[in-house]
Each structure stands twice: as C-alpha cells, then as structure tokens.
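Reproduced below: entry_33.tsv, with TSV, C-alpha atoms.
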chain	number	residue	atom	x	y	z
W	2	MET	CA	-1.05	-12.04	0.64
W	3	ASN	CA	-1.11	-11.51	4.41
W	4	LEU	CA	2.61	-10.70	4.47
W	5	LEU	CA	2.21	-8.22	1.61
W	6	VAL	CA	-0.77	-6.59	3.34
W	7	TRP	CA	1.30	-6.23	6.49
W	8	ILE	CA	4.23	-4.70	4.56
W	9	MET	CA	1.87	-2.32	2.75
W	10	SER	CA	0.29	-1.21	6.02
W	11	ARG	CA	3.81	-0.49	7.36
W	12	PHE	CA	4.27	1.89	4.43
W	13	SER	CA	0.91	3.56	5.14
W	14	VAL	CA	-0.77	2.30	1.96
W	15	SER	CA	-4.46	3.19	2.38
W	16	PRO	CA	-6.92	0.39	3.31
W	17	GLU	CA	-8.97	1.18	0.17
W	18	LEU	CA	-5.97	0.60	-2.09
W	19	ILE	CA	-5.06	-2.58	-0.21
W	20	GLY	CA	-8.68	-3.70	-0.65
W	21	ASP	CA	-8.48	-3.02	-4.40
W	22	ILE	CA	-5.26	-5.05	-4.64
W	23	ALA	CA	-6.92	-7.93	-2.71
W	24	GLU	CA	-9.94	-7.82	-5.05
W	25	ASP	CA	-7.67	-7.73	-8.10
W	26	HIS	CA	-5.74	-10.73	-6.74
W	27	ALA	CA	-8.99	-12.65	-6.10
W	28	GLU	CA	-9.85	-12.10	-9.79
W	29	HIS	CA	-6.48	-12.84	-11.43
W	30	ARG	CA	-4.77	-15.24	-8.97
W	31	SER	CA	-1.34	-14.25	-10.27
W	32	VAL	CA	1.59	-13.89	-7.88
W	33	PRO	CA	3.74	-11.75	-10.25
W	34	ARG	CA	0.76	-9.40	-10.78
W	35	LEU	CA	0.13	-9.21	-7.02
W	36	SER	CA	3.83	-8.48	-6.37
W	37	HIS	CA	3.88	-5.77	-9.03
W	38	GLN	CA	0.68	-4.15	-7.73
W	39	SER	CA	2.00	-4.21	-4.15
W	40	PHE	CA	5.42	-2.84	-5.14
W	41	VAL	CA	3.89	0.07	-7.09
W	42	ALA	CA	1.44	0.80	-4.25
W	43	ILE	CA	4.30	0.93	-1.72
W	44	ALA	CA	6.59	2.99	-3.98
W	45	THR	CA	3.94	5.59	-4.92
W	46	THR	CA	2.59	5.91	-1.36
W	47	ALA	CA	6.06	6.20	0.19
W	48	ALA	CA	7.28	8.69	-2.43
W	49	ARG	CA	4.20	10.90	-2.04
W	50	GLY	CA	4.33	10.68	1.76
W	51	LEU	CA	8.00	11.67	1.83
W	52	TRP	CA	7.49	14.48	-0.69
W	53	ARG	CA	4.41	15.94	1.00
W	54	SER	CA	6.27	16.30	4.27
W	55	ARG	CA	9.64	16.99	2.63
W	56	ARG	CA	10.89	19.27	5.41
W	57	LEU	CA	10.38	16.47	7.93
W	58	THR	CA	12.01	14.03	5.50
W	59	LEU	CA	15.07	16.24	5.01
W	60	CYS	CA	15.36	16.89	8.74
W	61	ALA	CA	15.11	13.15	9.55
W	62	LEU	CA	17.63	12.08	6.89
W	63	GLU	CA	20.16	14.80	7.73
W	64	THR	CA	19.94	14.09	11.44
W	65	GLY	CA	20.33	10.34	10.84
W	66	TRP	CA	23.33	10.73	8.55
W	67	VAL	CA	25.04	13.29	10.84
W	68	LEU	CA	24.57	10.99	13.85
W	69	CYS	CA	25.89	8.07	11.80
W	70	PHE	CA	28.97	10.11	10.84
W	71	LEU	CA	29.54	11.20	14.46
W	72	TRP	CA	29.33	7.57	15.63
W	73	SER	CA	31.95	6.48	13.08
W	74	GLN	CA	34.19	9.42	14.11
W	75	LEU	CA	33.78	8.53	17.77
W	76	LYS	CA	34.88	4.97	17.08
W	77	ILE	CA	37.97	6.24	15.18
W	78	THR	CA	38.82	8.66	18.01
W	79	LEU	CA	38.51	5.90	20.60
W	80	MET	CA	40.18	3.34	18.32
W	81	PRO	CA	42.96	1.95	20.58
W	82	TRP	CA	40.54	1.60	23.49
W	83	TRP	CA	37.73	0.34	21.21
W	84	ILE	CA	39.85	-2.50	19.81
W	85	ASP	CA	40.85	-3.64	23.29
W	86	GLN	CA	37.23	-4.10	24.37
W	87	PRO	CA	35.64	-7.57	24.27
W	88	TYR	CA	34.27	-8.36	20.83
W	89	GLN	CA	30.80	-9.04	22.24
W	90	LEU	CA	30.65	-5.54	23.70
W	91	THR	CA	31.67	-3.64	20.55
W	92	PHE	CA	29.48	-5.85	18.38
W	93	SER	CA	26.42	-5.27	20.61
W	94	ALA	CA	27.14	-1.53	20.83
W	95	ASN	CA	27.18	-1.33	17.02
W	96	LEU	CA	23.82	-3.08	16.78
W	97	VAL	CA	22.19	-0.94	19.48
W	98	VAL	CA	23.45	2.29	17.88
W	99	ALA	CA	22.25	1.12	14.45
W	100	PHE	CA	18.78	0.43	15.89
W	101	LEU	CA	18.74	3.83	17.63
W	102	LEU	CA	19.72	5.61	14.41
W	103	GLY	CA	16.80	3.99	12.58
W	104	TRP	CA	14.50	4.82	15.49
W	105	VAL	CA	15.52	8.52	15.44
W	106	VAL	CA	14.71	8.70	11.71
W	107	THR	CA	11.28	7.10	12.23
W	108	ARG	CA	10.49	9.50	15.10
W	109	LEU	CA	11.48	12.57	13.09
W	110	GLN	CA	9.55	11.55	9.94
W	111	ASP	CA	6.47	10.13	11.63
W	112	ARG	CA	4.19	10.51	8.59
W	113	GLN	CA	6.10	8.01	6.42
W	114	PRO	CA	8.52	6.35	8.89
W	115	ALA	CA	9.15	3.16	6.91
W	116	GLY	CA	9.90	5.06	3.70
W	117	ALA	CA	12.19	7.46	5.55
W	118	VAL	CA	14.25	4.63	7.08
W	119	LEU	CA	14.48	2.93	3.70
W	120	VAL	CA	15.85	6.10	2.06
W	121	PHE	CA	18.16	6.61	5.06
W	122	VAL	CA	19.68	3.13	4.73
W	123	LEU	CA	19.74	2.97	0.91
W	124	PRO	CA	23.03	4.89	0.31
W	125	MET	CA	24.77	2.77	2.96
W	126	VAL	CA	23.44	-0.44	1.37
W	127	LEU	CA	24.69	0.68	-2.06
W	128	MET	CA	28.13	1.56	-0.66
W	129	GLN	CA	28.28	-1.80	1.12
W	130	VAL	CA	27.32	-3.68	-2.05
W	131	ALA	CA	30.05	-1.84	-3.99
W	132	ARG	CA	32.62	-2.53	-1.25
W	133	ASP	CA	31.66	-6.23	-1.05
W	134	ALA	CA	31.82	-6.59	-4.83
W	135	TYR	CA	35.33	-5.06	-4.88
W	136	TYR	CA	36.66	-7.31	-2.10
W	137	LEU	CA	34.95	-10.39	-3.50
W	138	SER	CA	36.49	-9.84	-6.92
W	139	SER	CA	39.92	-9.35	-5.27
W	140	ILE	CA	39.55	-12.62	-3.34
W	141	LEU	CA	38.41	-14.55	-6.42
W	142	GLU	CA	41.19	-13.02	-8.56
W	143	ALA	CA	43.80	-14.05	-5.99
W	144	GLY	CA	42.31	-17.55	-6.06
W	145	LYS	CA	41.98	-17.64	-2.25
W	146	ARG	CA	38.66	-19.44	-2.16
W	147	GLY	CA	39.26	-20.43	1.46
W	148	ASP	CA	38.98	-16.74	2.44
W	149	LEU	CA	35.65	-16.39	0.68
W	150	PHE	CA	33.42	-17.87	3.40
W	151	ARG	CA	35.35	-16.08	6.14
W	152	PHE	CA	34.88	-12.79	4.30
W	153	LEU	CA	31.15	-13.38	3.78
W	154	GLU	CA	30.70	-14.31	7.43
W	155	ILE	CA	32.48	-11.16	8.65
W	156	GLN	CA	30.50	-8.96	6.27
W	157	LEU	CA	27.21	-10.51	7.35
W	158	TRP	CA	27.83	-9.94	11.05
W	159	PHE	CA	29.65	-6.62	11.01
W	160	ALA	CA	28.23	-4.81	7.98
W	161	TRP	CA	24.86	-6.26	6.97
W	162	LEU	CA	23.43	-7.00	10.41
W	163	PRO	CA	23.81	-3.35	11.59
W	164	LEU	CA	22.11	-2.21	8.36
W	165	ILE	CA	19.25	-4.64	9.02
W	166	MET	CA	19.05	-3.30	12.60
W	167	MET	CA	18.67	0.24	11.21
W	168	LEU	CA	15.66	-0.93	9.20
W	169	THR	CA	14.06	-2.74	12.15
W	170	PRO	CA	12.33	0.30	13.74
W	171	ALA	CA	10.34	0.67	10.50
W	172	LEU	CA	8.60	-2.62	11.33
W	173	PHE	CA	7.20	-1.16	14.54
W	174	ALA	CA	6.59	2.44	13.53
W	175	ARG	CA	3.06	3.45	12.60
W	176	SER	CA	2.33	6.42	10.44
W	177	GLN	CA	0.44	9.33	11.99
W	178	ARG	CA	-1.89	9.42	8.98
W	179	PHE	CA	-2.50	7.68	5.69
W	180	SER	CA	-1.02	9.27	2.60
W	181	ASN	CA	-3.52	8.07	0.04
W	182	PRO	CA	-6.85	9.77	-0.69
N	5	MET	CA	-3.81	32.95	-29.03
N	6	ILE	CA	-4.70	31.50	-25.66
N	7	ASP	CA	-8.29	30.35	-25.19
N	8	GLU	CA	-9.93	32.01	-22.17
N	9	GLU	CA	-11.54	28.69	-21.21
N	10	MET	CA	-8.24	26.82	-21.30
N	11	PRO	CA	-7.65	24.98	-18.00
N	12	GLN	CA	-4.79	26.26	-15.85
N	13	ALA	CA	-2.80	23.06	-16.33
N	14	SER	CA	-3.56	20.61	-19.11
N	15	LEU	CA	-4.19	16.91	-18.50
N	16	SER	CA	-1.58	14.25	-19.17
N	17	ASP	CA	-2.62	11.31	-21.36
N	18	PHE	CA	-2.96	9.07	-18.29
N	19	GLU	CA	-5.07	11.65	-16.44
N	20	LEU	CA	-7.28	11.98	-19.50
N	21	LEU	CA	-7.71	8.19	-19.66
N	22	LEU	CA	-8.60	8.17	-15.96
N	23	LEU	CA	-11.22	10.90	-16.28
N	24	LEU	CA	-12.76	9.19	-19.32
N	25	ALA	CA	-12.88	5.90	-17.38
N	26	LEU	CA	-14.61	7.70	-14.47
N	27	ILE	CA	-17.24	9.14	-16.81
N	28	ARG	CA	-17.86	5.70	-18.36
N	29	LEU	CA	-18.10	3.89	-15.02
N	30	GLU	CA	-20.12	6.47	-13.11
N	31	PRO	CA	-21.37	5.84	-10.39
N	32	GLU	CA	-19.40	2.57	-9.86
N	33	ALA	CA	-15.90	3.97	-10.41
N	34	TYR	CA	-13.40	2.61	-7.92
N	35	GLY	CA	-9.87	1.24	-8.33
N	36	VAL	CA	-10.47	-2.22	-9.84
N	37	PRO	CA	-13.08	-1.32	-12.52
N	38	ILE	CA	-11.08	1.80	-13.45
N	39	ALA	CA	-7.95	-0.35	-14.01
N	40	ARG	CA	-9.99	-2.90	-15.99
N	41	GLU	CA	-11.54	-0.20	-18.18
N	42	ILE	CA	-8.14	1.31	-19.00
N	43	GLU	CA	-6.66	-2.14	-19.69
N	44	GLU	CA	-9.52	-3.23	-21.96
N	45	ARG	CA	-10.21	0.01	-23.84
N	46	GLY	CA	-6.90	1.81	-23.48
N	47	LYS	CA	-4.88	-1.36	-24.23
N	48	ARG	CA	-2.30	-0.60	-21.58
N	49	THR	CA	-1.54	-2.26	-18.29
N	50	VAL	CA	-1.83	-0.05	-15.27
N	51	ALA	CA	-1.03	-0.52	-11.59
N	52	LEU	CA	-3.65	0.33	-8.98
N	53	GLY	CA	-1.04	2.36	-7.05
N	54	SER	CA	-0.49	4.60	-10.10
N	55	ILE	CA	-4.26	5.09	-10.43
N	56	TYR	CA	-4.58	6.18	-6.80
N	57	ALA	CA	-1.57	8.51	-7.11
N	58	ALA	CA	-3.02	10.19	-10.22
N	59	LEU	CA	-6.53	10.42	-8.73
N	60	ASP	CA	-5.03	11.95	-5.60
N	61	ARG	CA	-3.44	14.68	-7.77
N	62	LEU	CA	-6.69	15.24	-9.66
N	63	GLU	CA	-8.66	15.46	-6.41
N	64	LYS	CA	-6.28	18.13	-5.14
N	65	ARG	CA	-6.86	20.09	-8.36
N	66	GLY	CA	-10.63	19.81	-7.84
N	67	LEU	CA	-11.22	17.71	-10.96
N	68	VAL	CA	-12.35	14.64	-9.01
N	69	ARG	CA	-14.03	13.98	-5.68
N	70	SER	CA	-14.17	10.72	-3.74
N	71	GLU	CA	-16.27	9.01	-1.08
N	72	LEU	CA	-15.98	5.79	0.90
N	73	GLY	CA	-18.32	2.95	-0.05
N	74	GLU	CA	-19.18	-0.48	1.25
N	75	ALA	CA	-16.74	-3.19	2.32
N	76	THR	CA	-16.84	-6.69	0.82
N	77	GLN	CA	-15.42	-10.02	1.93
N	78	GLU	CA	-13.16	-10.46	-1.12
N	79	ARG	CA	-11.51	-7.17	-0.17
N	80	GLY	CA	-10.73	-8.44	3.32
N	81	GLY	CA	-13.48	-6.26	4.80
N	82	ARG	CA	-11.96	-3.04	3.43
N	83	ALA	CA	-14.12	-0.24	2.05
N	84	LYS	CA	-14.17	0.85	-1.59
N	85	ARG	CA	-13.32	4.42	-2.51
N	86	TYR	CA	-15.61	5.69	-5.26
N	87	PHE	CA	-14.38	8.50	-7.47
N	88	HIS	CA	-16.63	11.01	-9.27
N	89	ILE	CA	-15.71	13.60	-11.85
N	90	THR	CA	-16.58	17.19	-10.93
N	91	ALA	CA	-17.92	19.94	-13.21
N	92	GLN	CA	-14.40	21.36	-13.34
N	93	GLY	CA	-13.11	17.90	-14.33
N	94	LEU	CA	-15.65	17.70	-17.15
N	95	ARG	CA	-14.57	21.14	-18.43
N	96	ALA	CA	-10.90	20.09	-18.32
N	97	THR	CA	-11.70	16.86	-20.22
N	98	ARG	CA	-13.58	18.76	-22.95
N	99	ALA	CA	-10.84	21.36	-23.21
N	100	THR	CA	-8.17	18.65	-23.59
N	101	ARG	CA	-10.26	16.86	-26.24
N	102	ASP	CA	-10.71	20.13	-28.18
N	103	SER	CA	-7.01	20.96	-28.09
N	104	LEU	CA	-6.13	17.41	-29.22
N	105	ILE	CA	-8.59	17.68	-32.13
N	106	ARG	CA	-7.14	21.07	-33.14
N	107	MET	CA	-3.63	19.60	-33.07
N	108	TRP	CA	-4.76	16.56	-35.06
N	109	GLN	CA	-6.35	18.53	-37.91
N	110	GLY	CA	-4.45	19.34	-41.08
N	111	ILE	CA	-1.64	16.81	-40.70
N	112	PRO	CA	-1.57	14.72	-43.93
N	113	ALA	CA	0.75	12.11	-42.41
N	114	LEU	CA	-1.88	11.23	-39.79
N	115	GLU	CA	-4.80	10.95	-42.18
N	116	GLY	CA	-5.94	7.52	-43.34
N	117	GLY	CA	-5.49	4.21	-41.55
N	118	LYS	CA	-2.01	3.21	-42.75
N	119	ALA	CA	1.37	4.45	-41.67
structure tokens encoding of this file:
Amino acid sequence: MNLLVWIMSRFSVSPELIGDIAEDHAEHRSVPRLSHQSFVAIATTAARGLWRSRRLTLCALETGWVLCFLWSQLKITLMPWWIDQPYQLTFSANLVVAFLLGWVVTRLQDRQPAGAVLVFVLPMVLMQVARDAYYLSSILEAGKRGDLFRFLEIQLWFAWLPLIMMLTPALFARSQRFSNP
Amino acid sequence: MIDEEMPQASLSDFELLLLLALIRLEPEAYGVPIAREIEERGKRTVALGSIYAALDRLEKRGLVRSELGEATQERGGRAKRYFHITAQGLRATRATRDSLIRMWQGIPALEGGKA
C-alpha cells in the first residue's frame, strides 16, 4: 500500500482520492482490487492533468522528442570519433543525456510531470519492444541460443537502461498543483 | 420540438447514476459510499478514480459542489471530500429522467418483464 501511495502521489493523485482508496482497501483487503483502483486513479488523474494543460504537454513532448532526435543525429555525425572513445565514456554520456531529456520534459510540463515523462518515453519503449521481438525471433529461428543471453545483456545496458534513466526524473518531480477536485 | 428547460448538455448514464447516488447519500456522499451505492443498486463495478473524474466534470458544469471533511485513521489521516448536488444538478437529473421516460413510452418490445 505504501508503495502504491507513493506512486500515486508522484502522479498528483489527490490526497482525498488516495484516502478513499485506502479506506476501500481496509474494507475489502483485496490486492487485485487495490491495484485496479490505483491504476485507474493514476490513469484518470494523469490523463486529465495532461489534457488540462495540453499546450504545456505538447510543448514538453515536442521539445523532448526534438532533443532526442538531435542527440541521435549528433552521435551519427560524430560516429568515427564516437566509436573510438572508451566504452565507459559513451555509455555514461548516453545515460546522462537520457536523464537530462526526462528532466527537461518534467520541467516543461510541471503540472503533471510524471505523466508527461511516461507519454514521452512510451513510443520509444514500444519501438524497442518491437525491435527486440524481431531480433529475438531471428536469433531463435537461426538456432543460435548462445547469442541469446549476449543479445539480452546488450539490450538491457544500451537500450533499456537509458529508457529507465529518462523515466527517473519523474520520481523526483513534484506537481505544482493537484489535478483532482 | 426542443424543451426550453432542457439542460445544455444531457447527462451520461454514469453521471446520472452518480447524481442519484449523491441524492440518496446526502449529506454523507464521498468516494467510498458513492462507489458502494452504485455497486449495490446499480449492479456495476466502478473505480474510485472514475468517480472522481466524473464528479470533477460535473463540478465544472455547476451540477455538483464539494467540500473537505474530516480525516480518519483508516484513510491514513487524509480528509474526505464530500459532494453535494446543486439546484442546477437537481434540474438536470429531473430533465434526464423525463426525457428517458418519454423515450421509454410507446415501445411494445420494452413492455412486460420478459424479453
């Protein structure tokens, strides 16, 4: 319950609604019911918060995606030099930039920062899932099971960790105001 | 012909259920009893988040008003938000009931208790 309350407060769910969910949980003592109530509370609050300040939302998402595109273009432009750099340096730079991108989005949409970062990262997560599924099926079709763990390890460090870093600023951001009545 | 007393925007079935629950529970209408009332009488499960979202819309339309109440220990020390129907909300509820009754009348297939 404490973890869910913390997650809900990150998404600016109002204290009254959180209190109602706590009271409902005290009555029913059902984890699936609690999870469902919390999920709906987060989804409705985030959606309304993003929609109410839709100009801020659009501005934050566009800025984040443009910066993300520019970063990928910069890496391609600097490719020969970039590859020659120590792996620790490029890896750390990727993580720092990912964190900064998430931070920019939370600063621009300060009324529903967690929801904004989630929407910002969602398309990239979906693309990554599709890409992973394609490569995984290729590896399994070729019967190279030895490559499977290597592939998963590379994806975890170089694709999923930067995406997680983008989400991290949402954990620290606080909304400027609650979205619920 | 359009009735002059017709509300500017009609109520959805969920909004109507909510307003009826508020009238029944007055003055103790807050999230948990409202959900319980709709589950028991309306025979449909409803999430508290959906209730707050709909009540937020209704409050913006002036059909509902809300006030903060007392905090209890089982709520982790958080206050309750009590909702009350306004005069405009009562008019909208009556108007929706009347239009539903008018639509219901004169349909042979809907008369009687069997399909």
Q.
With 12 Å as the limit and counting only C-alpha atoms, what residues in chain N lie close to chain W? Please list them as a PyMOL selection string.
A. chain N and resi 33-40+49-64+68-87
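Between atom CA of W:Glu63 and atom CA of W:Leu162 there is a distance of 22.2 Å.
Closest approach to N:Arg45 among N:Ala113, N:Ile89, N:Leu21, N:Leu15: N:Leu21, based on only C-alpha atoms.
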Could you give me the centre and size, in Å to one decimal, of an axis-aligned box around all listed atoms of stretch 29-34 of chain N with 4 Å added on every side, as JSON?
{"center_x": -17.4, "center_y": 4.5, "center_z": -11.5, "size_x": 16.0, "size_y": 11.9, "size_z": 15.1}
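Atom CA of W:Gln110 is positioned 28.9 Å from atom CA of W:Thr91.
The space between atom CA of W:Ser36 and atom CA of N:Leu22 spans 22.9 Å.
When all atoms listed in the file are used to compute distances to W:Val130, the closest of the residues W:Gln156, W:Thr169, W:Thr78, W:Gln113 turns out to be W:Gln156.
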